[in-house]
$ cat my_file_32.txt   # compact mmCIF, C-alpha atoms and all ligand atoms
# COMPACT_ATOMS: atom_id res chain seq x y z
CA MET A 7 18.74 48.63 26.06
CA ARG A 8 17.34 45.04 26.05
CA ASN A 9 19.19 41.81 25.26
CA ALA A 10 17.05 39.03 23.83
CA GLY A 11 19.32 36.00 23.69
CA PRO A 12 22.10 37.02 21.28
CA LEU A 13 20.10 40.04 20.05
CA THR A 14 20.39 43.60 21.34
CA TYR A 15 17.60 46.17 21.10
CA ARG A 16 17.85 49.88 21.92
CA GLY A 17 15.43 52.77 22.08
CA GLU A 18 12.18 52.35 20.18
CA SER A 19 13.23 48.94 18.85
CA ILE A 20 12.90 47.39 22.30
CA PRO A 21 9.94 44.97 22.11
CA ASN A 22 7.34 45.46 24.81
CA THR A 23 7.38 41.78 25.83
CA THR A 24 10.25 39.30 26.43
CA THR A 25 10.75 36.12 24.40
CA ASP A 26 9.71 34.03 27.41
CA GLN A 27 6.55 36.07 27.86
CA ARG A 28 5.61 35.49 24.24
CA LEU A 29 6.42 31.76 24.49
CA LEU A 30 4.22 31.35 27.57
CA ASP A 31 1.37 33.42 26.18
CA ARG A 32 -1.27 31.10 24.74
CA ARG A 33 -3.27 33.87 23.07
CA GLY A 34 -3.04 34.67 19.36
CA PRO A 35 -3.50 32.66 16.18
CA ALA A 36 -2.29 29.04 16.11
CA ASP A 37 -2.34 28.50 12.34
CA TRP A 38 1.48 28.52 12.23
CA VAL A 39 1.40 24.87 13.40
CA HIS A 40 0.15 24.02 9.90
CA THR A 41 2.88 25.87 8.04
CA ASP A 42 5.89 24.32 6.28
CA PRO A 43 8.57 25.76 8.60
CA TRP A 44 6.80 24.13 11.53
CA ARG A 45 6.47 20.87 9.59
CA VAL A 46 10.23 20.93 8.99
CA LEU A 47 10.75 20.90 12.75
CA ARG A 48 8.28 18.04 13.13
CA ILE A 49 10.13 16.11 10.41
CA GLN A 50 13.41 16.82 12.17
CA SER A 51 12.01 15.56 15.47
CA GLU A 52 10.83 12.38 13.77
CA PHE A 53 14.37 11.74 12.49
CA VAL A 54 15.74 12.42 15.98
CA GLU A 55 13.26 10.02 17.63
CA GLY A 56 13.90 7.34 15.01
CA PHE A 57 17.69 7.60 15.25
CA GLY A 58 17.37 7.57 19.05
CA LEU A 59 15.28 4.40 19.02
CA LEU A 60 17.31 2.48 16.47
CA SER A 61 20.93 3.57 16.66
CA GLU A 62 21.92 0.83 19.12
CA LEU A 63 20.08 -1.93 17.32
CA PRO A 64 22.14 -5.09 16.65
CA SER A 65 22.41 -6.40 13.07
CA ALA A 66 18.93 -6.22 11.60
CA VAL A 67 16.94 -7.19 8.53
CA SER A 68 13.87 -5.31 7.26
CA VAL A 69 11.01 -7.57 6.22
CA PHE A 70 8.24 -6.21 3.97
CA GLY A 71 4.97 -7.75 2.87
CA SER A 72 1.23 -7.39 2.56
CA ALA A 73 -0.87 -5.76 5.27
CA ARG A 74 -3.85 -7.84 4.13
CA ILE A 75 -2.76 -11.47 4.43
CA ARG A 76 -4.54 -13.18 7.33
CA PRO A 77 -3.24 -15.56 10.00
CA GLY A 78 -3.78 -19.21 9.11
CA THR A 79 -2.77 -18.77 5.45
CA ARG A 80 0.36 -20.28 3.90
CA TYR A 81 1.90 -16.88 3.24
CA TYR A 82 1.35 -15.82 6.86
CA ASP A 83 3.08 -19.03 7.99
CA LEU A 84 5.93 -18.27 5.59
CA GLY A 85 6.31 -14.84 7.21
CA VAL A 86 6.43 -16.43 10.68
CA GLN A 87 9.16 -18.83 9.52
CA VAL A 88 11.22 -16.03 7.97
CA GLY A 89 11.08 -14.01 11.22
CA ALA A 90 12.05 -17.12 13.21
CA LYS A 91 15.02 -17.97 10.95
CA LEU A 92 16.31 -14.41 11.15
CA ALA A 93 16.08 -14.50 14.94
CA GLU A 94 17.88 -17.85 15.12
CA ALA A 95 20.67 -16.37 12.99
CA GLY A 96 20.99 -13.45 15.43
CA TYR A 97 19.30 -10.74 13.35
CA ALA A 98 16.68 -8.34 14.68
CA THR A 99 13.60 -8.18 12.46
CA ILE A 100 12.24 -4.75 11.47
CA THR A 101 8.82 -4.52 9.84
CA GLY A 102 6.24 -1.86 9.07
CA GLY A 103 4.59 -2.77 12.38
CA GLY A 104 1.18 -3.44 10.82
CA PRO A 105 -0.98 -6.54 10.32
CA GLY A 106 -0.57 -9.35 7.76
CA MET A 107 2.93 -10.31 6.72
CA MET A 108 4.42 -7.64 8.99
CA GLU A 109 2.73 -9.20 11.99
CA ALA A 110 3.76 -12.68 10.83
CA ALA A 111 7.46 -11.76 10.65
CA ASN A 112 7.32 -9.98 14.02
CA LYS A 113 5.57 -13.01 15.55
CA GLY A 114 8.17 -15.43 14.20
CA ALA A 115 11.03 -13.24 15.40
CA LYS A 116 9.60 -12.71 18.88
CA GLU A 117 8.60 -16.32 19.47
CA ALA A 118 12.07 -17.48 18.42
CA GLY A 119 13.66 -15.17 21.00
CA GLY A 120 14.81 -12.46 18.58
CA LEU A 121 14.38 -8.72 18.77
CA SER A 122 11.18 -7.68 17.01
CA VAL A 123 10.90 -4.08 15.81
CA GLY A 124 7.93 -2.29 14.21
CA LEU A 125 8.09 1.03 12.39
CA GLY A 126 4.46 1.93 11.90
CA ILE A 127 2.95 4.69 9.82
CA GLU A 128 0.09 7.05 10.66
CA LEU A 129 -2.77 6.19 8.33
CA PRO A 130 -6.18 7.81 7.78
CA PHE A 131 -7.84 4.99 9.71
CA GLU A 132 -7.24 3.81 13.27
CA GLN A 133 -4.44 1.28 13.56
CA SER A 134 -1.99 0.28 16.25
CA LEU A 135 1.30 -1.61 16.13
CA ASN A 136 0.85 -5.38 16.05
CA PRO A 137 1.21 -7.18 19.42
CA TYR A 138 4.50 -8.96 18.58
CA ILE A 139 6.69 -5.86 18.72
CA ASP A 140 9.37 -5.30 21.38
CA MET A 141 10.44 -1.86 20.16
CA GLY A 142 8.31 0.37 18.00
CA MET A 143 7.57 3.82 16.74
CA THR A 144 4.75 5.23 14.63
CA PHE A 145 5.87 7.75 12.00
CA ARG A 146 3.92 10.63 10.49
CA TYR A 147 6.01 10.74 7.33
CA PHE A 148 6.59 7.83 4.96
CA PHE A 149 9.93 9.17 3.77
CA VAL A 150 11.35 9.45 7.31
CA ARG A 151 10.24 5.90 8.07
CA LYS A 152 11.82 4.65 4.82
CA THR A 153 15.14 6.17 5.82
CA MET A 154 15.02 4.12 9.05
CA PHE A 155 14.47 0.83 7.22
CA VAL A 156 17.50 1.40 5.04
CA LYS A 157 19.78 2.98 7.63
CA TYR A 158 19.23 0.40 10.35
CA SER A 159 19.05 -2.86 8.45
CA GLN A 160 21.68 -4.81 6.59
CA ALA A 161 19.31 -6.53 4.14
CA PHE A 162 15.75 -6.38 2.81
CA VAL A 163 13.50 -9.42 2.65
CA VAL A 164 10.36 -9.03 0.57
CA LEU A 165 7.40 -11.34 1.14
CA PRO A 166 4.28 -11.40 -1.05
CA GLY A 167 2.50 -8.04 -1.03
CA GLY A 168 0.76 -5.29 -2.94
CA PHE A 169 1.55 -1.67 -3.85
CA GLY A 170 3.17 -0.80 -0.50
CA THR A 171 5.47 -3.81 -0.72
CA LEU A 172 6.34 -3.08 -4.37
CA ASP A 173 7.17 0.50 -3.43
CA GLU A 174 9.57 -0.75 -0.74
CA LEU A 175 11.10 -3.36 -3.05
CA PHE A 176 11.77 -0.95 -5.91
CA GLU A 177 13.07 1.74 -3.61
CA ALA A 178 15.63 -0.77 -2.32
CA ALA A 179 16.48 -1.93 -5.85
CA THR A 180 17.00 1.69 -6.96
CA LEU A 181 19.22 2.48 -3.98
CA VAL A 182 21.40 -0.55 -4.74
CA GLN A 183 21.40 0.11 -8.51
CA THR A 184 22.56 3.70 -7.99
CA ASN A 185 25.12 2.69 -5.35
CA LYS A 186 23.41 4.76 -2.67
CA VAL A 187 23.62 1.63 -0.58
CA THR A 188 26.31 -0.89 -1.36
CA ARG A 189 26.47 -4.61 -0.73
CA PHE A 190 22.86 -4.77 0.39
CA PRO A 191 21.09 -8.08 -0.26
CA VAL A 192 17.47 -7.83 -1.40
CA VAL A 193 15.70 -11.20 -1.22
CA LEU A 194 12.25 -11.98 -2.61
CA VAL A 195 10.53 -14.92 -0.95
CA GLY A 196 8.07 -17.00 -2.99
CA THR A 197 9.03 -17.91 -6.57
CA GLU A 198 5.43 -18.68 -7.47
CA PHE A 199 4.34 -15.21 -6.36
CA TRP A 200 7.29 -13.19 -7.69
CA GLY A 201 8.15 -15.27 -10.77
CA GLY A 202 5.74 -13.37 -13.05
CA MET A 203 7.27 -10.04 -12.06
CA GLU A 204 10.78 -11.33 -12.70
CA LYS A 205 9.69 -12.52 -16.17
CA TRP A 206 8.15 -9.10 -16.92
CA ILE A 207 11.31 -7.32 -15.74
CA ARG A 208 13.42 -9.56 -17.99
CA GLU A 209 11.15 -9.33 -21.05
CA SER A 210 10.10 -5.68 -20.79
CA LEU A 211 12.85 -3.84 -18.93
CA LEU A 212 15.95 -5.84 -19.86
CA GLU A 213 15.02 -6.53 -23.46
CA ASN A 214 14.21 -2.86 -24.05
CA GLY A 215 17.53 -1.81 -22.54
CA LEU A 216 15.89 -0.07 -19.57
CA ILE A 217 18.08 -1.95 -17.12
CA LYS A 218 21.51 -3.56 -17.55
CA PRO A 219 21.99 -7.37 -17.45
CA HIS A 220 23.78 -7.16 -14.10
CA ASP A 221 20.78 -5.28 -12.63
CA MET A 222 18.96 -8.62 -12.79
CA GLU A 223 21.31 -9.79 -10.03
CA LEU A 224 20.42 -7.01 -7.60
CA VAL A 225 17.44 -8.94 -6.32
CA GLN A 226 17.52 -12.65 -5.51
CA MET A 227 14.53 -14.95 -5.34
CA VAL A 228 14.07 -18.00 -3.08
CA ASP A 229 11.36 -20.20 -1.57
CA GLU A 230 12.78 -21.44 1.71
CA PRO A 231 13.14 -19.23 4.81
CA GLY A 232 16.49 -20.96 5.47
CA GLU A 233 17.77 -19.82 2.05
CA VAL A 234 16.93 -16.23 2.94
CA VAL A 235 19.25 -16.38 5.91
CA ASP A 236 21.97 -18.21 3.94
CA ILE A 237 22.02 -15.43 1.32
CA ILE A 238 22.18 -12.68 3.94
CA LYS A 239 24.86 -14.43 5.98
CA LYS A 240 26.99 -15.14 2.90
CA SER A 241 26.72 -11.54 1.78
CA HIS A 242 27.74 -10.26 5.21
CA LEU A 243 30.64 -12.74 5.34
CA ASP A 244 31.83 -11.52 1.91
CA ILE A 245 31.67 -7.93 3.14
CA ALA A 246 33.64 -8.77 6.29
CA ARG A 247 36.30 -10.57 4.18
CA GLU A 248 36.50 -7.68 1.74
CA LEU A 249 36.89 -5.12 4.53
CA ASP A 250 39.50 -7.32 6.14
CA ALA A 251 41.47 -7.57 2.86
CA GLN A 252 41.25 -3.80 2.41
CA GLU A 253 42.51 -3.25 5.94
CA ARG A 254 45.42 -5.66 5.42
CA ALA A 255 46.33 -3.97 2.13
CA ARG A 256 46.23 -0.61 3.87
CA THR A 257 48.46 -1.69 6.79
CA ASN A 258 50.91 -3.52 4.45
CA GLY A 259 51.15 -0.45 2.26
CA SER A 260 51.87 1.92 5.12
C1 LIG B 301 -4.48 -2.10 4.75
C2 LIG B 301 -4.51 -2.42 6.20
C3 LIG B 301 -3.63 -1.91 7.07
C4 LIG B 301 -2.49 -1.01 6.63
N1 LIG B 301 -1.49 -0.89 7.66
C5 LIG B 301 -0.18 -0.73 7.47
N2 LIG B 301 0.60 -0.59 8.58
C6 LIG B 301 1.92 -0.48 8.46
N3 LIG B 301 2.57 -0.50 7.27
C7 LIG B 301 1.83 -0.61 6.17
C8 LIG B 301 0.43 -0.71 6.21
N4 LIG B 301 -0.03 -0.79 4.96
C9 LIG B 301 1.05 -0.75 4.15
N5 LIG B 301 2.18 -0.68 4.86
C10 LIG B 301 3.57 -0.68 4.34
O1 LIG B 301 3.55 -1.16 3.00
C11 LIG B 301 3.81 -2.57 2.98
C12 LIG B 301 2.52 -3.34 2.76
O2 LIG B 301 1.74 -2.75 1.76
P1 LIG B 301 0.79 -3.69 0.83
O3 LIG B 301 0.18 -2.73 -0.13
O4 LIG B 301 -0.20 -4.32 1.74
O5 LIG B 301 1.71 -4.65 0.19
C13 LIG B 301 4.39 -2.97 4.31
O6 LIG B 301 5.68 -3.56 4.16
C14 LIG B 301 4.43 -1.67 5.11
O7 LIG B 301 5.72 -1.17 5.33
C15 LIG B 301 -5.62 -3.33 6.58
O8 LIG B 301 -5.48 -3.98 7.75

$ encode --input "my_file_32.txt" --output "structure tokens" --more "lines below"
Ligand SMILES: C/C(=C\CNc1ncnc2c1ncn2[C@@H]1O[C@H](COP(=O)(O)O)[C@@H](O)[C@H]1O)CO
Amino acid sequence: MRNAGPLTYRGESIPNTTTDQRLLDRRGPADWVHTDPWRVLRIQSEFVEGFGLLSELPSAVSVFGSARIRPGTRYYDLGVQVGAKLAEAGYATITGGGPGMMEAANKGAKEAGGLSVGLGIELPFEQSLNPYIDMGMTFRYFFVRKTMFVKYSQAFVVLPGGFGTLDELFEAATLVQTNKVTRFPVVLVGTEFWGGMEKWIRESLLENGLIKPHDMELVQMVDEPGEVVDIIKKSHLDIARELDAQERARTNGS
């Protein structure tokens, strides 16, 4: 008889090697590392690493924006100011960890004494996390990384950007619209940049009945970095008051 962990083998079923022997044996094909069951484990480990890194984060805001905007431009400076204002208000700043507006927000946060976090993504070309990050991780899978932005931040701030930024914005808007996340402020910064999109949403989506009038309120648009923080703080104050009222109603009723 042979026990292999919880399994029992007898007679001819007894394997001629032990599990440990097979584990330690490097011979044999290695193509299983490219199979879906193995990928599932890799995905799992990415969730575990991400949760491990971020679960003790203080209140945080995710900031999105173009990877292509260069230092010394007005949008880069805007990103620095947004990161700084968030830090002054006590929020950690989480970005995609890359260059451009991500770097700008991390720079602003770090230089203002805040916690600066970067969640990078493996891309087909060489790229490392920007130098203004205190805590960072590089993900293999976009969808795992996206879960981290939503799970560990209390608001999204969206600076000027391209397809990647739009993807992040509309994912957030959909999560709020479908109540997958509740009471989650989404703030666009730069009326000149985002105004055309808002007009298109109103004229094409709203007027054709593809969104409801109150969906227009899911995303707010401002110009000043200070306004970004005011909106987030007000929203979080409202939530605290609401939870407090619910708690009082519960204790009075019992
Ligand atoms: C294109 C260049 C670098 C790309 N590096 C990125 N690193 C981290 N995160 C990225 C990167 N590119 C896109 N993202 C994510 O999408 C958003 C920006 O995309 P956009 O298309 O530039 O708007 C951003 O918020 C990231 O989360 C060249 O240096």

$ closest_residue --input "my_file_32.txt" --among "A:Leu181, A:Glu94, A:Arg80, A:Asp31" --to "Asp236 (chain A)" --atoms "only C-alpha atoms"
A:Glu94

$ residues_near_ligand --input "my_file_32.txt" --ligand "ligand LIG 301 (chain B)" --cutoff "9 Å" --atoms "only C-alpha atoms and all ligand atoms" --output "ChimeraX atom specification"
/A:68-75,101-108,124-129,131,133-136,144,151-152,164-174

$ atom_distance --input "my_file_32.txt" --atom1 "CA of Trp200 (chain A)" --atom2 "CA of Asp83 (chain A)"
17.3 Å

$ atom_distance --input "my_file_32.txt" --atom1 "CA of Leu47 (chain A)" --atom2 "CA of Tyr147 (chain A)"
12.5 Å

$ closest_residue --input "my_file_32.txt" --among "A:Ser19, A:Thr99, A:Gln183, A:Thr257" --to "Pro219 (chain A)" --atoms "all atoms listed in the file"
A:Gln183

$ residues_around --input "my_file_32.txt" --residues "Ile100 (chain A)" --least-positions-apart "4" --cutoff "12 Å" --atoms "all atoms listed in the file" --output "mmCIF file with C-alpha atoms, in the frame of the given file"
data_model
loop_
_atom_site.group_PDB
_atom_site.id
_atom_site.type_symbol
_atom_site.label_atom_id
_atom_site.label_comp_id
_atom_site.auth_asym_id
_atom_site.auth_seq_id
_atom_site.Cartn_x
_atom_site.Cartn_y
_atom_site.Cartn_z
ATOM 1 C CA LEU A 60 17.310 2.480 16.470
ATOM 2 C CA LEU A 63 20.080 -1.930 17.320
ATOM 3 C CA PRO A 64 22.140 -5.090 16.650
ATOM 4 C CA SER A 65 22.410 -6.400 13.070
ATOM 5 C CA ALA A 66 18.930 -6.220 11.600
ATOM 6 C CA VAL A 67 16.940 -7.190 8.530
ATOM 7 C CA SER A 68 13.870 -5.310 7.260
ATOM 8 C CA VAL A 69 11.010 -7.570 6.220
ATOM 9 C CA PHE A 70 8.240 -6.210 3.970
ATOM 10 C CA GLY A 71 4.970 -7.750 2.870
ATOM 11 C CA VAL A 88 11.220 -16.030 7.970
ATOM 12 C CA GLY A 89 11.080 -14.010 11.220
ATOM 13 C CA LEU A 92 16.310 -14.410 11.150
ATOM 14 C CA ALA A 93 16.080 -14.500 14.940
ATOM 15 C CA GLY A 104 1.180 -3.440 10.820
ATOM 16 C CA MET A 107 2.930 -10.310 6.720
ATOM 17 C CA MET A 108 4.420 -7.640 8.990
ATOM 18 C CA GLU A 109 2.730 -9.200 11.990
ATOM 19 C CA ALA A 110 3.760 -12.680 10.830
ATOM 20 C CA ALA A 111 7.460 -11.760 10.650
ATOM 21 C CA ASN A 112 7.320 -9.980 14.020
ATOM 22 C CA LYS A 113 5.570 -13.010 15.550
ATOM 23 C CA GLY A 114 8.170 -15.430 14.200
ATOM 24 C CA ALA A 115 11.030 -13.240 15.400
ATOM 25 C CA LYS A 116 9.600 -12.710 18.880
ATOM 26 C CA GLY A 120 14.810 -12.460 18.580
ATOM 27 C CA LEU A 121 14.380 -8.720 18.770
ATOM 28 C CA SER A 122 11.180 -7.680 17.010
ATOM 29 C CA VAL A 123 10.900 -4.080 15.810
ATOM 30 C CA GLY A 124 7.930 -2.290 14.210
ATOM 31 C CA LEU A 125 8.090 1.030 12.390
ATOM 32 C CA GLY A 126 4.460 1.930 11.900
ATOM 33 C CA TYR A 138 4.500 -8.960 18.580
ATOM 34 C CA ILE A 139 6.690 -5.860 18.720
ATOM 35 C CA ASP A 140 9.370 -5.300 21.380
ATOM 36 C CA MET A 141 10.440 -1.860 20.160
ATOM 37 C CA GLY A 142 8.310 0.370 18.000
ATOM 38 C CA MET A 143 7.570 3.820 16.740
ATOM 39 C CA ARG A 151 10.240 5.900 8.070
ATOM 40 C CA LYS A 152 11.820 4.650 4.820
ATOM 41 C CA MET A 154 15.020 4.120 9.050
ATOM 42 C CA PHE A 155 14.470 0.830 7.220
ATOM 43 C CA VAL A 156 17.500 1.400 5.040
ATOM 44 C CA LYS A 157 19.780 2.980 7.630
ATOM 45 C CA TYR A 158 19.230 0.400 10.350
ATOM 46 C CA SER A 159 19.050 -2.860 8.450
ATOM 47 C CA GLN A 160 21.680 -4.810 6.590
ATOM 48 C CA ALA A 161 19.310 -6.530 4.140
ATOM 49 C CA PHE A 162 15.750 -6.380 2.810
ATOM 50 C CA VAL A 163 13.500 -9.420 2.650
ATOM 51 C CA VAL A 164 10.360 -9.030 0.570
#

$ atom_distance --input "my_file_32.txt" --atom1 "CA of Met227 (chain A)" --atom2 "CA of Glu117 (chain A)"
25.5 Å

$ closest_residue --input "my_file_32.txt" --among "A:Pro43, A:Gly17, A:Gly202, A:Gly56" --to "Arg146 (chain A)" --atoms "only C-alpha atoms"
A:Gly56

$ closest_residue --input "my_file_32.txt" --among "A:Val182, A:Leu13, A:Arg189, A:Glu18" --to "Leu243 (chain A)" --atoms "all atoms listed in the file"
A:Arg189

$ closest_residue --input "my_file_32.txt" --among "A:Phe53, A:Tyr82, A:Tyr97, A:Phe176" --to "Thr153 (chain A)" --atoms "all atoms listed in the file"
A:Phe53

$ residues_around --input "my_file_32.txt" --residues "region 239-242 of chain A" --least-positions-apart "2" --cutoff "8 Å" --atoms "only C-alpha atoms" --output "JSON, numbers by chain"
{"A": [189, 190, 191, 235, 236, 237, 244, 245, 246]}

$ build_atoms --input "my_file_32.txt" --residues "region 233-256 of chain A" --atoms "N, CA and C atoms" --output "PDB file, in the coordinates of the input"
ATOM      1  N   GLU A 233      16.948 -20.387   3.143  1.00  0.00           N
ATOM      2  CA  GLU A 233      17.770 -19.820   2.050  1.00  0.00           C
ATOM      3  C   GLU A 233      17.920 -18.311   2.204  1.00  0.00           C
ATOM      4  N   VAL A 234      16.878 -17.677   2.733  1.00  0.00           N
ATOM      5  CA  VAL A 234      16.930 -16.230   2.940  1.00  0.00           C
ATOM      6  C   VAL A 234      18.113 -15.899   3.830  1.00  0.00           C
ATOM      7  N   VAL A 235      18.185 -16.633   4.939  1.00  0.00           N
ATOM      8  CA  VAL A 235      19.250 -16.380   5.910  1.00  0.00           C
ATOM      9  C   VAL A 235      20.612 -16.740   5.324  1.00  0.00           C
ATOM     10  N   ASP A 236      20.677 -17.823   4.551  1.00  0.00           N
ATOM     11  CA  ASP A 236      21.970 -18.210   3.940  1.00  0.00           C
ATOM     12  C   ASP A 236      22.486 -17.085   3.052  1.00  0.00           C
ATOM     13  N   ILE A 237      21.600 -16.508   2.232  1.00  0.00           N
ATOM     14  CA  ILE A 237      22.020 -15.430   1.320  1.00  0.00           C
ATOM     15  C   ILE A 237      22.531 -14.228   2.115  1.00  0.00           C
ATOM     16  N   ILE A 238      21.794 -13.864   3.154  1.00  0.00           N
ATOM     17  CA  ILE A 238      22.180 -12.680   3.940  1.00  0.00           C
ATOM     18  C   ILE A 238      23.503 -12.940   4.654  1.00  0.00           C
ATOM     19  N   LYS A 239      23.622 -14.129   5.247  1.00  0.00           N
ATOM     20  CA  LYS A 239      24.860 -14.430   5.980  1.00  0.00           C
ATOM     21  C   LYS A 239      26.064 -14.457   5.051  1.00  0.00           C
ATOM     22  N   LYS A 240      25.875 -15.060   3.864  1.00  0.00           N
ATOM     23  CA  LYS A 240      26.990 -15.140   2.900  1.00  0.00           C
ATOM     24  C   LYS A 240      27.408 -13.731   2.481  1.00  0.00           C
ATOM     25  N   SER A 241      26.409 -12.896   2.208  1.00  0.00           N
ATOM     26  CA  SER A 241      26.720 -11.540   1.780  1.00  0.00           C
ATOM     27  C   SER A 241      27.482 -10.794   2.877  1.00  0.00           C
ATOM     28  N   HIS A 242      27.072 -10.967   4.112  1.00  0.00           N
ATOM     29  CA  HIS A 242      27.740 -10.260   5.210  1.00  0.00           C
ATOM     30  C   HIS A 242      29.147 -10.823   5.466  1.00  0.00           C
ATOM     31  N   LEU A 243      29.306 -12.126   5.222  1.00  0.00           N
ATOM     32  CA  LEU A 243      30.640 -12.740   5.340  1.00  0.00           C
ATOM     33  C   LEU A 243      31.563 -12.178   4.261  1.00  0.00           C
ATOM     34  N   ASP A 244      31.044 -12.082   3.025  1.00  0.00           N
ATOM     35  CA  ASP A 244      31.830 -11.520   1.910  1.00  0.00           C
ATOM     36  C   ASP A 244      32.276 -10.095   2.229  1.00  0.00           C
ATOM     37  N   ILE A 245      31.343  -9.324   2.810  1.00  0.00           N
ATOM     38  CA  ILE A 245      31.670  -7.930   3.140  1.00  0.00           C
ATOM     39  C   ILE A 245      32.789  -7.899   4.183  1.00  0.00           C
ATOM     40  N   ALA A 246      32.640  -8.757   5.216  1.00  0.00           N
ATOM     41  CA  ALA A 246      33.640  -8.770   6.290  1.00  0.00           C
ATOM     42  C   ALA A 246      35.009  -9.143   5.698  1.00  0.00           C
ATOM     43  N   ARG A 247      35.033 -10.145   4.791  1.00  0.00           N
ATOM     44  CA  ARG A 247      36.300 -10.570   4.180  1.00  0.00           C
ATOM     45  C   ARG A 247      36.914  -9.438   3.363  1.00  0.00           C
ATOM     46  N   GLU A 248      36.031  -8.773   2.596  1.00  0.00           N
ATOM     47  CA  GLU A 248      36.500  -7.680   1.740  1.00  0.00           C
ATOM     48  C   GLU A 248      37.088  -6.541   2.575  1.00  0.00           C
ATOM     49  N   LEU A 249      36.406  -6.201   3.658  1.00  0.00           N
ATOM     50  CA  LEU A 249      36.890  -5.120   4.530  1.00  0.00           C
ATOM     51  C   LEU A 249      38.218  -5.515   5.171  1.00  0.00           C
ATOM     52  N   ASP A 250      38.283  -6.798   5.520  1.00  0.00           N
ATOM     53  CA  ASP A 250      39.500  -7.320   6.140  1.00  0.00           C
ATOM     54  C   ASP A 250      40.670  -7.214   5.153  1.00  0.00           C
ATOM     55  N   ALA A 251      40.416  -7.631   3.899  1.00  0.00           N
ATOM     56  CA  ALA A 251      41.470  -7.570   2.860  1.00  0.00           C
ATOM     57  C   ALA A 251      41.897  -6.121   2.632  1.00  0.00           C
ATOM     58  N   GLN A 252      40.919  -5.233   2.605  1.00  0.00           N
ATOM     59  CA  GLN A 252      41.250  -3.800   2.410  1.00  0.00           C
ATOM     60  C   GLN A 252      42.115  -3.289   3.548  1.00  0.00           C
ATOM     61  N   GLU A 253      41.772  -3.705   4.761  1.00  0.00           N
ATOM     62  CA  GLU A 253      42.510  -3.250   5.940  1.00  0.00           C
ATOM     63  C   GLU A 253      43.943  -3.780   5.903  1.00  0.00           C
ATOM     64  N   ARG A 254      44.067  -5.084   5.497  1.00  0.00           N
ATOM     65  CA  ARG A 254      45.420  -5.660   5.420  1.00  0.00           C
ATOM     66  C   ARG A 254      46.250  -4.962   4.364  1.00  0.00           C
ATOM     67  N   ALA A 255      45.610  -4.677   3.209  1.00  0.00           N
ATOM     68  CA  ALA A 255      46.330  -3.970   2.130  1.00  0.00           C
ATOM     69  C   ALA A 255      46.768  -2.595   2.613  1.00  0.00           C
ATOM     70  N   ARG A 256      45.915  -1.956   3.384  1.00  0.00           N
ATOM     71  CA  ARG A 256      46.230  -0.610   3.870  1.00  0.00           C
ATOM     72  C   ARG A 256      47.412  -0.660   4.850  1.00  0.00           C
TER      73      ARG A 256
END
